[in-house]
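Each remark here refers to the structure printed beneath this line.
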Amino acid sequence: MILAPFSPAAMGSVTDVVARVLAQKLIERWAQPVVVEDRRGANGVIGSELVAKSAPDGYTLLVVNAAHVTNPALHAKLPYDTLRDFAPVSMIAVVPSVLVVHPSVPARSVRELVALAGARLDGLNYASAGSGSSTHLAGLLFNTMAGVSMVHVPYKGGRLALTELIGGQVSLMFGSMILSMPHVSTGKLRALGVTSAKRSIAAPGLPTIAETALPGYEVTTWFALLAPAKVPGPVVNKLNAEITSLLTLPDIRDRMLFHGAEVHHRSSADLGDHIRRELAKWGKLMRESAARMDPP
């Protein structure tokens with residue numbers, strides 16, 4: 001069983017797609033049922049707790065996104081330990097976001113947006129799919145690295161946030177490429193750059209934020225497969241090998257790319273290192289941001 005713990009209303013819709021694509025291929029490989037079960041709620045906490053407390057036999061797995069490492073900073077107490085209660089199995093995919101602005105915003109590059117955000121006394125605001133989402137973190141990191149104070153406006157999901165941006169209720173958003181780019185094509189939004197370290201396969205003509213204005217800037221939503229902590233090493237290695245093999249298949253790559261995701265596999269150990277780095281990076285940023293907004 002593969003649990004998809006995030007709501008389709010938010011970025012978690014891709015989590016569900018990732019889980020179902022892998023499940024179908026594993027059914028073909030193993031000739032036995034692989035069920036995908038939605039256990040949504042509390043930004044992934046409910047489904048994550050269920051897997052953390054499941055039998056460590058390799059039959060219950062969890063697809064997580066980047067919210068997995070921001071939840072510790074958002075919740076005073078979680079019903080599991082983000083590091084100790086899970087065994088990293090494999091990275092699956094990464095999804096860069098795109099910085100899009102409403103046409104009324106007089107900025108045609110990231111550099112111009114930084115200057116505008118620094119000069120406007122009333123400030124600019126940015127929409128997100130919710131506190132702790134990658135769309136929120138992208139804005140936090142942008143504010144910190146650019147030395148500006150754009151106001152965060154959280155919504156209940158990326159689609160609603162994008163609708164409000166198109167309507168002009170907010171200034172900009174670090175949105176998903178699959179949802180945002182069609183509106184760029186019609187002129188309802190203007191794209192300034194992508195949040196990944198390298199240019200996106202889906203939009204190679206768009207520069208990165210790092211190359212145009214903020215060197216070192218990088219935010220992506222990533223998707224990974226986890227298991228309960230005490231799953232035996234040989235089982236984890238077998239699962240990693242299967243996932244790595246599946247991610248080389250052209251139809252898997254094409255299906256992922258259709259949903260804005262670029263396949264990206266790593267060893268179990270590399271994924272564990274990545275999760276630890278992400279926990280430290282975003283935990284520090286969110287604590288510092290909260291301290292600036294609510295000084296002692």
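Lettering and numbering for the structure tokens are positional, with chains as A, B, ... in the shown order, residues counted from 1 in each chain, and ligands counted from 1 in the shown order.
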
* To do: Would you list, as a ChimeraX atom specification, the residues of stretch 111-296 of chain A that end up in strand (DSSP E or B) under DSSP run on this structure's backbone?
  => /A:125-128,151-154,172-176,190-194,208,220-228,262-263

* DSSP-assigned helix (DSSP H, G or I) among stretch 49-245 of chain A, expressed as JSON, numbers by chain -> {"A": [49, 50, 51, 52, 67, 68, 69, 70, 71, 72, 73, 74, 110, 111, 112, 113, 114, 115, 116, 117, 118, 119, 134, 135, 136, 137, 138, 139, 140, 141, 142, 143, 144, 145, 146, 158, 159, 160, 161, 162, 163, 164, 165, 166, 177, 178, 179, 180, 181, 182, 183, 184, 185, 209, 210, 211, 212, 233, 234, 235, 236, 237, 238, 239, 240, 241, 242, 243, 244, 245]}

* Go through A:Met177, A:Val151, A:Leu271, A:Leu99 and flag the residue nearest A:Ala191, using only C-alpha atoms for the distances. => A:Leu99

* Nearest to A:Ala280: which of A:Gly47, A:Gly58, A:Pro72, A:Gly123 is it, counting only C-alpha atoms? ->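 Checking each candidate against A:Ala280, we get A:Pro72 as the closest.
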
* With a distance cut-off of 10 Å and only C-alpha atoms, select the neighbouring residues of stretch 100-115 of chain A, excluding the residue or stretch itself and same-chain residues fewer than 4 positions from it, and output the selection as a PyMOL selection string. => chain A and resi 119-120+124+126+142-143+145-148+150+162+164-177+180-181+183-184+187-194+207-214

* Nearest candidate to A:Gly283 (options A:Thr195, A:Thr70, A:Asn240, A:Thr220; using only C-alpha atoms) ->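 Selected residue with least distance to A:Gly283: A:Thr70.
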
* Structure fact -> The distance between atom CA of A:Lys156 and atom CA of A:Ala23 is 27.8 Å

* Asked: Leaving out A:Leu140 and any residue of its chain fewer than 2 positions from it, which residues lie within 8 Å of it when counting only C-alpha atoms, given as a list in words?
  -> His136, Leu137, Ala138, Phe142, Asn143, Thr144, Leu285, Met286 and Ser289 of chain A

For the residues selected in the previous step, produce a file with N, CA, C and O atoms as a PDB file, in the first residue's frame.
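The result, written out as part_12.pdb:
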ATOM      1  N   HIS A 136       4.930  29.072  -0.400  1.00  0.00           N
ATOM      2  CA  HIS A 136       5.195  29.971   0.724  1.00  0.00           C
ATOM      3  C   HIS A 136       6.701  30.108   0.961  1.00  0.00           C
ATOM      4  O   HIS A 136       7.238  31.212   1.104  1.00  0.00           O
ATOM      5  N   LEU A 137       7.395  28.977   0.981  1.00  0.00           N
ATOM      6  CA  LEU A 137       8.833  28.994   1.247  1.00  0.00           C
ATOM      7  C   LEU A 137       9.592  29.767   0.180  1.00  0.00           C
ATOM      8  O   LEU A 137      10.583  30.447   0.477  1.00  0.00           O
ATOM      9  N   ALA A 138       9.130  29.670  -1.067  1.00  0.00           N
ATOM     10  CA  ALA A 138       9.784  30.399  -2.142  1.00  0.00           C
ATOM     11  C   ALA A 138       9.746  31.900  -1.880  1.00  0.00           C
ATOM     12  O   ALA A 138      10.723  32.621  -2.124  1.00  0.00           O
ATOM     13  N   PHE A 142      12.879  34.366  -1.001  1.00  0.00           N
ATOM     14  CA  PHE A 142      13.026  35.554  -1.851  1.00  0.00           C
ATOM     15  C   PHE A 142      13.153  36.810  -0.997  1.00  0.00           C
ATOM     16  O   PHE A 142      14.046  37.640  -1.212  1.00  0.00           O
ATOM     17  N   ASN A 143      12.255  36.963  -0.028  1.00  0.00           N
ATOM     18  CA  ASN A 143      12.314  38.114   0.871  1.00  0.00           C
ATOM     19  C   ASN A 143      13.670  38.210   1.574  1.00  0.00           C
ATOM     20  O   ASN A 143      14.279  39.280   1.647  1.00  0.00           O
ATOM     21  N   THR A 144      14.121  37.077   2.089  1.00  0.00           N
ATOM     22  CA  THR A 144      15.370  37.049   2.852  1.00  0.00           C
ATOM     23  C   THR A 144      16.567  37.398   1.977  1.00  0.00           C
ATOM     24  O   THR A 144      17.405  38.238   2.344  1.00  0.00           O
ATOM     25  N   LEU A 285      15.029  29.097   8.283  1.00  0.00           N
ATOM     26  CA  LEU A 285      14.408  30.226   7.593  1.00  0.00           C
ATOM     27  C   LEU A 285      13.063  30.591   8.213  1.00  0.00           C
ATOM     28  O   LEU A 285      12.757  31.762   8.427  1.00  0.00           O
ATOM     29  N   MET A 286      12.254  29.573   8.531  1.00  0.00           N
ATOM     30  CA  MET A 286      10.927  29.849   9.090  1.00  0.00           C
ATOM     31  C   MET A 286      11.006  30.409  10.498  1.00  0.00           C
ATOM     32  O   MET A 286      10.233  31.291  10.870  1.00  0.00           O
ATOM     33  N   SER A 289      12.154  34.025  10.122  1.00  0.00           N
ATOM     34  CA  SER A 289      11.069  34.841   9.581  1.00  0.00           C
ATOM     35  C   SER A 289      10.033  35.155  10.651  1.00  0.00           C
ATOM     36  O   SER A 289       9.566  36.287  10.773  1.00  0.00           O
TER      37      SER A 289
END

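Across A:Leu61, A:Ile252, A:Val21, A:Ile27, the tightest approach to A:Val89 is made by A:Leu61 when counting only C-alpha atoms.
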
Show which residues sit within 12 Å of stretch 226-229 of chain A, as a PDB file with N, CA, C and O atoms, in the first residue's frame. Count only C-alpha atoms, and ignore same-chain residues fewer than 2 positions away.
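That gives us selection.pdb:
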ATOM      1  N   MET A   1       0.846  -1.188   0.000  1.00  0.00           N
ATOM      2  CA  MET A   1       0.000   0.000   0.000  1.00  0.00           C
ATOM      3  C   MET A   1       0.886   1.243   0.000  1.00  0.00           C
ATOM      4  O   MET A   1       1.874   1.331   0.718  1.00  0.00           O
ATOM      5  N   ILE A   2       0.524   2.197  -0.854  1.00  0.00           N
ATOM      6  CA  ILE A   2       1.216   3.481  -0.907  1.00  0.00           C
ATOM      7  C   ILE A   2       0.241   4.557  -0.467  1.00  0.00           C
ATOM      8  O   ILE A   2      -0.821   4.718  -1.073  1.00  0.00           O
ATOM      9  N   LEU A   3       0.594   5.298   0.569  1.00  0.00           N
ATOM     10  CA  LEU A   3      -0.278   6.364   1.062  1.00  0.00           C
ATOM     11  C   LEU A   3       0.101   7.685   0.418  1.00  0.00           C
ATOM     12  O   LEU A   3       1.282   8.033   0.326  1.00  0.00           O
ATOM     13  N   ALA A   4      -0.913   8.430  -0.031  1.00  0.00           N
ATOM     14  CA  ALA A   4      -0.746   9.783  -0.547  1.00  0.00           C
ATOM     15  C   ALA A   4      -1.426  10.713   0.455  1.00  0.00           C
ATOM     16  O   ALA A   4      -2.660  10.791   0.486  1.00  0.00           O
ATOM     17  N   ALA A  19       2.125   8.733  -6.814  1.00  0.00           N
ATOM     18  CA  ALA A  19       1.812   7.465  -6.150  1.00  0.00           C
ATOM     19  C   ALA A  19       1.135   6.497  -7.107  1.00  0.00           C
ATOM     20  O   ALA A  19       1.472   5.304  -7.152  1.00  0.00           O
ATOM     21  N   GLY A  47      -1.550  11.039   7.368  1.00  0.00           N
ATOM     22  CA  GLY A  47      -1.038   9.897   6.631  1.00  0.00           C
ATOM     23  C   GLY A  47       0.358   9.505   7.061  1.00  0.00           C
ATOM     24  O   GLY A  47       0.699   8.312   7.126  1.00  0.00           O
ATOM     25  N   SER A  48       1.184  10.493   7.371  1.00  0.00           N
ATOM     26  CA  SER A  48       2.560  10.217   7.800  1.00  0.00           C
ATOM     27  C   SER A  48       2.585   9.462   9.124  1.00  0.00           C
ATOM     28  O   SER A  48       3.382   8.532   9.314  1.00  0.00           O
ATOM     29  N   GLU A  49       1.701   9.841  10.043  1.00  0.00           N
ATOM     30  CA  GLU A  49       1.632   9.143  11.326  1.00  0.00           C
ATOM     31  C   GLU A  49       1.254   7.680  11.125  1.00  0.00           C
ATOM     32  O   GLU A  49       1.811   6.782  11.778  1.00  0.00           O
ATOM     33  N   LEU A  50       0.316   7.443  10.239  1.00  0.00           N
ATOM     34  CA  LEU A  50      -0.129   6.076   9.988  1.00  0.00           C
ATOM     35  C   LEU A  50       1.023   5.193   9.502  1.00  0.00           C
ATOM     36  O   LEU A  50       1.201   4.064   9.964  1.00  0.00           O
ATOM     37  N   VAL A  51       1.826   5.724   8.582  1.00  0.00           N
ATOM     38  CA  VAL A  51       2.958   4.951   8.062  1.00  0.00           C
ATOM     39  C   VAL A  51       4.037   4.800   9.123  1.00  0.00           C
ATOM     40  O   VAL A  51       4.630   3.722   9.277  1.00  0.00           O
ATOM     41  N   ALA A  52       4.301   5.859   9.881  1.00  0.00           N
ATOM     42  CA  ALA A  52       5.324   5.790  10.930  1.00  0.00           C
ATOM     43  C   ALA A  52       5.027   4.684  11.932  1.00  0.00           C
ATOM     44  O   ALA A  52       5.950   4.050  12.471  1.00  0.00           O
ATOM     45  N   LYS A  53       3.747   4.430  12.170  1.00  0.00           N
ATOM     46  CA  LYS A  53       3.346   3.438  13.161  1.00  0.00           C
ATOM     47  C   LYS A  53       2.953   2.094  12.547  1.00  0.00           C
ATOM     48  O   LYS A  53       2.456   1.207  13.240  1.00  0.00           O
ATOM     49  N   SER A  54       3.183   1.933  11.248  1.00  0.00           N
ATOM     50  CA  SER A  54       2.850   0.680  10.567  1.00  0.00           C
ATOM     51  C   SER A  54       3.942  -0.366  10.790  1.00  0.00           C
ATOM     52  O   SER A  54       5.069  -0.055  11.175  1.00  0.00           O
ATOM     53  N   ALA A  55       3.594  -1.607  10.499  1.00  0.00           N
ATOM     54  CA  ALA A  55       4.572  -2.700  10.620  1.00  0.00           C
ATOM     55  C   ALA A  55       5.718  -2.479   9.633  1.00  0.00           C
ATOM     56  O   ALA A  55       5.474  -2.154   8.463  1.00  0.00           O
ATOM     57  N   PRO A  56       6.949  -2.637  10.084  1.00  0.00           N
ATOM     58  CA  PRO A  56       8.119  -2.393   9.214  1.00  0.00           C
ATOM     59  C   PRO A  56       8.415  -3.576   8.295  1.00  0.00           C
ATOM     60  O   PRO A  56       9.490  -4.173   8.354  1.00  0.00           O
ATOM     61  N   ASP A  57       7.453  -3.901   7.445  1.00  0.00           N
ATOM     62  CA  ASP A  57       7.616  -5.066   6.570  1.00  0.00           C
ATOM     63  C   ASP A  57       7.786  -4.694   5.100  1.00  0.00           C
ATOM     64  O   ASP A  57       7.921  -5.564   4.237  1.00  0.00           O
ATOM     65  N   GLY A  58       7.756  -3.402   4.811  1.00  0.00           N
ATOM     66  CA  GLY A  58       7.935  -2.965   3.435  1.00  0.00           C
ATOM     67  C   GLY A  58       6.665  -2.935   2.617  1.00  0.00           C
ATOM     68  O   GLY A  58       6.680  -2.582   1.431  1.00  0.00           O
ATOM     69  N   TYR A  59       5.521  -3.279   3.233  1.00  0.00           N
ATOM     70  CA  TYR A  59       4.256  -3.312   2.504  1.00  0.00           C
ATOM     71  C   TYR A  59       3.454  -2.021   2.641  1.00  0.00           C
ATOM     72  O   TYR A  59       2.432  -1.870   1.980  1.00  0.00           O
ATOM     73  N   THR A  60       3.879  -1.115   3.507  1.00  0.00           N
ATOM     74  CA  THR A  60       3.209   0.174   3.655  1.00  0.00           C
ATOM     75  C   THR A  60       4.236   1.276   3.425  1.00  0.00           C
ATOM     76  O   THR A  60       5.228   1.378   4.152  1.00  0.00           O
ATOM     77  N   LEU A  61       3.989   2.089   2.391  1.00  0.00           N
ATOM     78  CA  LEU A  61       4.936   3.125   1.989  1.00  0.00           C
ATOM     79  C   LEU A  61       4.230   4.479   1.949  1.00  0.00           C
ATOM     80  O   LEU A  61       2.998   4.545   1.933  1.00  0.00           O
ATOM     81  N   LEU A  62       5.011   5.526   1.924  1.00  0.00           N
ATOM     82  CA  LEU A  62       4.478   6.888   1.983  1.00  0.00           C
ATOM     83  C   LEU A  62       5.140   7.751   0.921  1.00  0.00           C
ATOM     84  O   LEU A  62       6.360   7.796   0.823  1.00  0.00           O
ATOM     85  N   VAL A  63       4.322   8.421   0.115  1.00  0.00           N
ATOM     86  CA  VAL A  63       4.843   9.420  -0.809  1.00  0.00           C
ATOM     87  C   VAL A  63       4.733  10.786  -0.125  1.00  0.00           C
ATOM     88  O   VAL A  63       3.637  11.195   0.264  1.00  0.00           O
ATOM     89  N   VAL A  64       5.848  11.466   0.035  1.00  0.00           N
ATOM     90  CA  VAL A  64       5.840  12.783   0.683  1.00  0.00           C
ATOM     91  C   VAL A  64       6.334  13.842  -0.285  1.00  0.00           C
ATOM     92  O   VAL A  64       7.014  13.541  -1.272  1.00  0.00           O
ATOM     93  N   ASN A  65       5.975  15.079   0.003  1.00  0.00           N
ATOM     94  CA  ASN A  65       6.572  16.194  -0.725  1.00  0.00           C
ATOM     95  C   ASN A  65       7.330  17.071   0.270  1.00  0.00           C
ATOM     96  O   ASN A  65       7.528  16.683   1.428  1.00  0.00           O
ATOM     97  N   HIS A  68       6.897  17.706   4.131  1.00  0.00           N
ATOM     98  CA  HIS A  68       7.354  16.768   5.154  1.00  0.00           C
ATOM     99  C   HIS A  68       8.428  17.398   6.052  1.00  0.00           C
ATOM    100  O   HIS A  68       8.486  17.101   7.249  1.00  0.00           O
ATOM    101  N   TYR A  80       5.056  11.985  15.414  1.00  0.00           N
ATOM    102  CA  TYR A  80       6.162  11.155  14.937  1.00  0.00           C
ATOM    103  C   TYR A  80       7.401  12.033  14.827  1.00  0.00           C
ATOM    104  O   TYR A  80       7.310  13.271  14.853  1.00  0.00           O
ATOM    105  N   ASP A  81       8.565  11.406  14.732  1.00  0.00           N
ATOM    106  CA  ASP A  81       9.813  12.136  14.509  1.00  0.00           C
ATOM    107  C   ASP A  81      10.139  12.068  13.021  1.00  0.00           C
ATOM    108  O   ASP A  81      10.237  10.981  12.441  1.00  0.00           O
ATOM    109  N   THR A  82      10.316  13.220  12.405  1.00  0.00           N
ATOM    110  CA  THR A  82      10.499  13.301  10.959  1.00  0.00           C
ATOM    111  C   THR A  82      11.700  12.497  10.471  1.00  0.00           C
ATOM    112  O   THR A  82      11.671  11.942   9.365  1.00  0.00           O
ATOM    113  N   LEU A  83      12.749  12.405  11.273  1.00  0.00           N
ATOM    114  CA  LEU A  83      13.938  11.649  10.886  1.00  0.00           C
ATOM    115  C   LEU A  83      13.921  10.219  11.416  1.00  0.00           C
ATOM    116  O   LEU A  83      14.102   9.264  10.664  1.00  0.00           O
ATOM    117  N   ARG A  84      13.682  10.060  12.700  1.00  0.00           N
ATOM    118  CA  ARG A  84      13.852   8.742  13.327  1.00  0.00           C
ATOM    119  C   ARG A  84      12.769   7.732  12.953  1.00  0.00           C
ATOM    120  O   ARG A  84      13.018   6.523  12.975  1.00  0.00           O
ATOM    121  N   ASP A  85      11.571   8.197  12.609  1.00  0.00           N
ATOM    122  CA  ASP A  85      10.455   7.272  12.408  1.00  0.00           C
ATOM    123  C   ASP A  85      10.233   6.840  10.963  1.00  0.00           C
ATOM    124  O   ASP A  85       9.266   6.136  10.663  1.00  0.00           O
ATOM    125  N   PHE A  86      11.140   7.250  10.067  1.00  0.00           N
ATOM    126  CA  PHE A  86      10.987   6.876   8.666  1.00  0.00           C
ATOM    127  C   PHE A  86      12.313   6.406   8.079  1.00  0.00           C
ATOM    128  O   PHE A  86      13.378   6.903   8.443  1.00  0.00           O
ATOM    129  N   ALA A  87      12.215   5.461   7.168  1.00  0.00           N
ATOM    130  CA  ALA A  87      13.382   5.016   6.406  1.00  0.00           C
ATOM    131  C   ALA A  87      13.283   5.607   5.009  1.00  0.00           C
ATOM    132  O   ALA A  87      12.291   5.382   4.305  1.00  0.00           O
ATOM    133  N   PRO A  88      14.258   6.401   4.577  1.00  0.00           N
ATOM    134  CA  PRO A  88      14.219   6.933   3.213  1.00  0.00           C
ATOM    135  C   PRO A  88      14.401   5.807   2.201  1.00  0.00           C
ATOM    136  O   PRO A  88      15.284   4.966   2.353  1.00  0.00           O
ATOM    137  N   VAL A  89      13.551   5.789   1.195  1.00  0.00           N
ATOM    138  CA  VAL A  89      13.621   4.740   0.173  1.00  0.00           C
ATOM    139  C   VAL A  89      14.207   5.286  -1.120  1.00  0.00           C
ATOM    140  O   VAL A  89      15.244   4.832  -1.594  1.00  0.00           O
ATOM    141  N   SER A  90      13.537   6.286  -1.706  1.00  0.00           N
ATOM    142  CA  SER A  90      14.030   6.831  -2.971  1.00  0.00           C
ATOM    143  C   SER A  90      13.423   8.194  -3.247  1.00  0.00           C
ATOM    144  O   SER A  90      12.246   8.424  -2.979  1.00  0.00           O
ATOM    145  N   MET A  91      14.229   9.089  -3.796  1.00  0.00           N
ATOM    146  CA  MET A  91      13.684  10.309  -4.386  1.00  0.00           C
ATOM    147  C   MET A  91      12.971   9.903  -5.667  1.00  0.00           C
ATOM    148  O   MET A  91      13.346   8.925  -6.325  1.00  0.00           O
ATOM    149  N   ILE A  92      11.924  10.637  -6.024  1.00  0.00           N
ATOM    150  CA  ILE A  92      11.147  10.293  -7.209  1.00  0.00           C
ATOM    151  C   ILE A  92      11.192  11.413  -8.251  1.00  0.00           C
ATOM    152  O   ILE A  92      11.494  11.185  -9.420  1.00  0.00           O
ATOM    153  N   PHE A 223       9.477  15.087  -4.392  1.00  0.00           N
ATOM    154  CA  PHE A 223       8.624  13.963  -4.017  1.00  0.00           C
ATOM    155  C   PHE A 223       9.502  12.748  -3.767  1.00  0.00           C
ATOM    156  O   PHE A 223      10.410  12.448  -4.545  1.00  0.00           O
ATOM    157  N   ALA A 224       9.230  12.062  -2.659  1.00  0.00           N
ATOM    158  CA  ALA A 224      10.073  10.930  -2.273  1.00  0.00           C
ATOM    159  C   ALA A 224       9.220   9.830  -1.659  1.00  0.00           C
ATOM    160  O   ALA A 224       8.088  10.064  -1.218  1.00  0.00           O
ATOM    161  N   VAL A 231      12.185  -0.912   8.702  1.00  0.00           N
ATOM    162  CA  VAL A 231      12.175  -1.817   7.552  1.00  0.00           C
ATOM    163  C   VAL A 231      13.610  -2.287   7.292  1.00  0.00           C
ATOM    164  O   VAL A 231      14.539  -1.472   7.266  1.00  0.00           O
ATOM    165  N   PRO A 232      13.846  -3.583   7.123  1.00  0.00           N
ATOM    166  CA  PRO A 232      15.215  -4.099   6.928  1.00  0.00           C
ATOM    167  C   PRO A 232      15.918  -3.466   5.725  1.00  0.00           C
ATOM    168  O   PRO A 232      15.287  -3.165   4.702  1.00  0.00           O
ATOM    169  N   GLY A 233      17.212  -3.279   5.859  1.00  0.00           N
ATOM    170  CA  GLY A 233      18.009  -2.662   4.804  1.00  0.00           C
ATOM    171  C   GLY A 233      17.858  -3.333   3.450  1.00  0.00           C
ATOM    172  O   GLY A 233      17.699  -2.634   2.428  1.00  0.00           O
ATOM    173  N   VAL A 235      15.346  -4.834   2.181  1.00  0.00           N
ATOM    174  CA  VAL A 235      14.040  -4.484   1.618  1.00  0.00           C
ATOM    175  C   VAL A 235      14.079  -3.061   1.053  1.00  0.00           C
ATOM    176  O   VAL A 235      13.585  -2.794  -0.049  1.00  0.00           O
ATOM    177  N   VAL A 236      14.686  -2.143   1.797  1.00  0.00           N
ATOM    178  CA  VAL A 236      14.831  -0.760   1.325  1.00  0.00           C
ATOM    179  C   VAL A 236      15.644  -0.727   0.034  1.00  0.00           C
ATOM    180  O   VAL A 236      15.288  -0.039  -0.931  1.00  0.00           O
ATOM    181  N   ASN A 237      16.727  -1.484  -0.007  1.00  0.00           N
ATOM    182  CA  ASN A 237      17.575  -1.505  -1.205  1.00  0.00           C
ATOM    183  C   ASN A 237      16.826  -2.060  -2.415  1.00  0.00           C
ATOM    184  O   ASN A 237      16.984  -1.562  -3.539  1.00  0.00           O
ATOM    185  N   LEU A 239      13.540  -1.974  -2.894  1.00  0.00           N
ATOM    186  CA  LEU A 239      12.565  -0.968  -3.301  1.00  0.00           C
ATOM    187  C   LEU A 239      13.246   0.170  -4.068  1.00  0.00           C
ATOM    188  O   LEU A 239      12.734   0.643  -5.085  1.00  0.00           O
ATOM    189  N   ASN A 240      14.408   0.599  -3.587  1.00  0.00           N
ATOM    190  CA  ASN A 240      15.136   1.676  -4.260  1.00  0.00           C
ATOM    191  C   ASN A 240      15.521   1.260  -5.676  1.00  0.00           C
ATOM    192  O   ASN A 240      15.397   2.039  -6.631  1.00  0.00           O
ATOM    193  N   ILE A 243      12.397   1.342  -7.925  1.00  0.00           N
ATOM    194  CA  ILE A 243      11.985   2.707  -8.258  1.00  0.00           C
ATOM    195  C   ILE A 243      12.961   3.330  -9.253  1.00  0.00           C
ATOM    196  O   ILE A 243      12.557   3.978 -10.227  1.00  0.00           O
ATOM    197  N   SER A 268      19.039   5.590  -1.254  1.00  0.00           N
ATOM    198  CA  SER A 268      18.389   5.780   0.047  1.00  0.00           C
ATOM    199  C   SER A 268      19.221   6.705   0.936  1.00  0.00           C
ATOM    200  O   SER A 268      18.687   7.605   1.586  1.00  0.00           O
ATOM    201  N   ALA A 269      20.525   6.493   0.946  1.00  0.00           N
ATOM    202  CA  ALA A 269      21.410   7.317   1.787  1.00  0.00           C
ATOM    203  C   ALA A 269      21.396   8.772   1.330  1.00  0.00           C
ATOM    204  O   ALA A 269      21.362   9.705   2.154  1.00  0.00           O
ATOM    205  N   LEU A 271      18.987  10.317  -0.230  1.00  0.00           N
ATOM    206  CA  LEU A 271      17.700  10.905   0.140  1.00  0.00           C
ATOM    207  C   LEU A 271      17.695  11.288   1.613  1.00  0.00           C
ATOM    208  O   LEU A 271      17.204  12.361   1.979  1.00  0.00           O
ATOM    209  N   GLY A 272      18.242  10.416   2.462  1.00  0.00           N
ATOM    210  CA  GLY A 272      18.320  10.743   3.888  1.00  0.00           C
ATOM    211  C   GLY A 272      19.106  12.018   4.136  1.00  0.00           C
ATOM    212  O   GLY A 272      18.701  12.873   4.934  1.00  0.00           O
ATOM    213  N   ILE A 275      16.972  15.061   3.057  1.00  0.00           N
ATOM    214  CA  ILE A 275      15.926  15.395   4.029  1.00  0.00           C
ATOM    215  C   ILE A 275      16.517  16.142   5.220  1.00  0.00           C
ATOM    216  O   ILE A 275      15.939  17.125   5.697  1.00  0.00           O
TER     217      ILE A 275
END

* Structure fact -> Counting only C-alpha atoms, closest pick from A:Val219, A:Leu78, A:Ala202, A:Val17 relative to A:Ser133 is A:Val219

* In Å, rounded to a single decimal, give me how far atom CA of A:Arg29 is from atom CA of A:Lys230. =>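 Interatomic distance, atom CA of A:Lys230 to atom CA of A:Arg29: 24.6 Å.
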